[in-house]
Amino acid sequence: MSRKKSAKGKAVTSSPSAGSPAGKGAGKTARSSPGIVQMNGVVHPSRPSISNSSEFYDIAFKVMLVGDSGVGKTCLLVRFKDGAFLAGSFISTVGIDFRIWDTAGQERFRSVTHAYYRDAHALLLLYDVTNKSSFDNIKAWLTEIHEYAQQDVVLMLLGNKADATHERVVKREDGERLAKEFGVPFMETSARSGLNVELAFNGVAKELKHRSIKDPIEKFKLQEYVNKEMKTTGCCRS
Ligand SMILES: Nc1nc2c(ncn2[C@@H]2O[C@H](COP(=O)(O)OP(=O)(O)OP(=O)(O)O)[C@@H](O)[C@H]2O)c(=O)[nH]1
Ligand SMILES: [Mg+2]
């Protein structure tokens with residue numbers, strides 16, 4: 001992470017990346033993707049806009065969205081971008097440049113993924129609760145992350161499309177169990193309804209902020225924080 005004052009640019013499209021590490025195909029929604037899209041986020045108390053190019057930042061974090069094709073990475077980012085900056089949140093008060101990288105889930109982009117992992121400060125790993133193979137591939141994603149990402153990378157597992165009650169094939173408990181097994185914070189999200197979307201990004205940002213200031217008194221616990229704050233779909237356990 002860098003600590004500098006530097007002008008921020010608008011959203012940038014960079015080279016393609018990512019793919020299902022299990023090589024089991026791209027999930028049930030095989031679609032083309034632009035690759036990686038880097039978006040500048042957050043950031044200034046007086047101007048909480050994601051797209052203002054004239055702002056400066058104190059700390060820069062690189063956050064990446066990864067997971068099989070079709071799990072909803074782009075939709076989650078778009079939902080966050082459109083909603084998270086309406087109300088001022090803690091990140092807008094500390095001057096953080098929260099760069100979010102949206103990756104392509106398709107396997108053909110996989111070979112270039114690893115270079116992007118290395119300098120990521122946080123990874124949001126998504127599966128689709130309506131797509132069992134995207135869930136089954138999470139272990140392979142975690143293996144790849146452990147191999148290529150920094151050891152202390154902030155990681156969160158997200159079961160997306162929690163709104164899709166009728167199509168759901170992965171229970172929330174299954175996600176919880178897997179996350180526990182790997183010691184990764186977890187929650188379900190919905191890019192469609194907005195469920196827990198801000199919480200996912202803000203939780204990660206809080207963790208990054210606490211790490212960066214190395215607060216010796218207040219140890220931030222990401223899973224405890226999301227447990228306290230998260231909403232569940234209630235009706236939608238299957
Ligand atoms: N019901 C529901 N559908 C969603 C949700 N998020 C995404 N989708 C749908 O899932 C499909 C794939 O979403 P994307 O965001 O493009 O998926 P992606 O992970 O970016 O896919 P790649 O770019 O190929 O890696 C689209 O048809 C979305 O409308 C969600 O929260 N709920
Ligand atoms: Mg996408």
# chains A, B, ... in the order shown; residues from 1 in each chain; ligands from 1

$ residues_around --residues "A:Val71" --least-positions-apart "6" --cutoff "7 Å" --atoms "only C-alpha atoms" --output "PyMOL selection string"
chain A and resi 126-128+160

$ closest_atom_pairs --of "chain A" --to "ligand 1" --cutoff "6 Å" --atoms "only C-alpha atoms and all ligand atoms" --output "CSV"
residue,atom,partner,partner_atom_place_in_ligand_line,distance
A:Arg31,CA,ligand 1,24 (O),5.2
A:Ser32,CA,ligand 1,24 (O),5.8
A:Ser33,CA,ligand 1,23 (O),4.6
A:Asp68,CA,ligand 1,25 (O),5.8
A:Ser69,CA,ligand 1,25 (O),3.4
A:Gly70,CA,ligand 1,17 (O),3.6
A:Val71,CA,ligand 1,19 (O),4.1
A:Gly72,CA,ligand 1,15 (O),3.2
A:Lys73,CA,ligand 1,19 (O),3.8
A:Thr74,CA,ligand 1,15 (O),3.7
A:Cys75,CA,ligand 1,15 (O),3.8
A:Ala104,CA,ligand 1,25 (O),3.8
A:Gly105,CA,ligand 1,25 (O),3.2
A:Gln106,CA,ligand 1,24 (O),5.6
A:Asn160,CA,ligand 1,31 (O),5.4
A:Lys161,CA,ligand 1,31 (O),3.5
A:Asp163,CA,ligand 1,32 (N),5.7
A:Ala164,CA,ligand 1,1 (N),4.9
A:Ser190,CA,ligand 1,31 (O),3.5
A:Ala191,CA,ligand 1,31 (O),3.5
A:Arg192,CA,ligand 1,31 (O),4.2

$ atom_distance --atom1 "atom CA of A:Thr232" --atom2 "atom CA of A:Lys209"
25.8 Å

$ residues_around --residues "A:Met156" --least-positions-apart "6" --cutoff "6 Å" --atoms "only C-alpha atoms" --output "ChimeraX atom specification"
/A:124,184-186
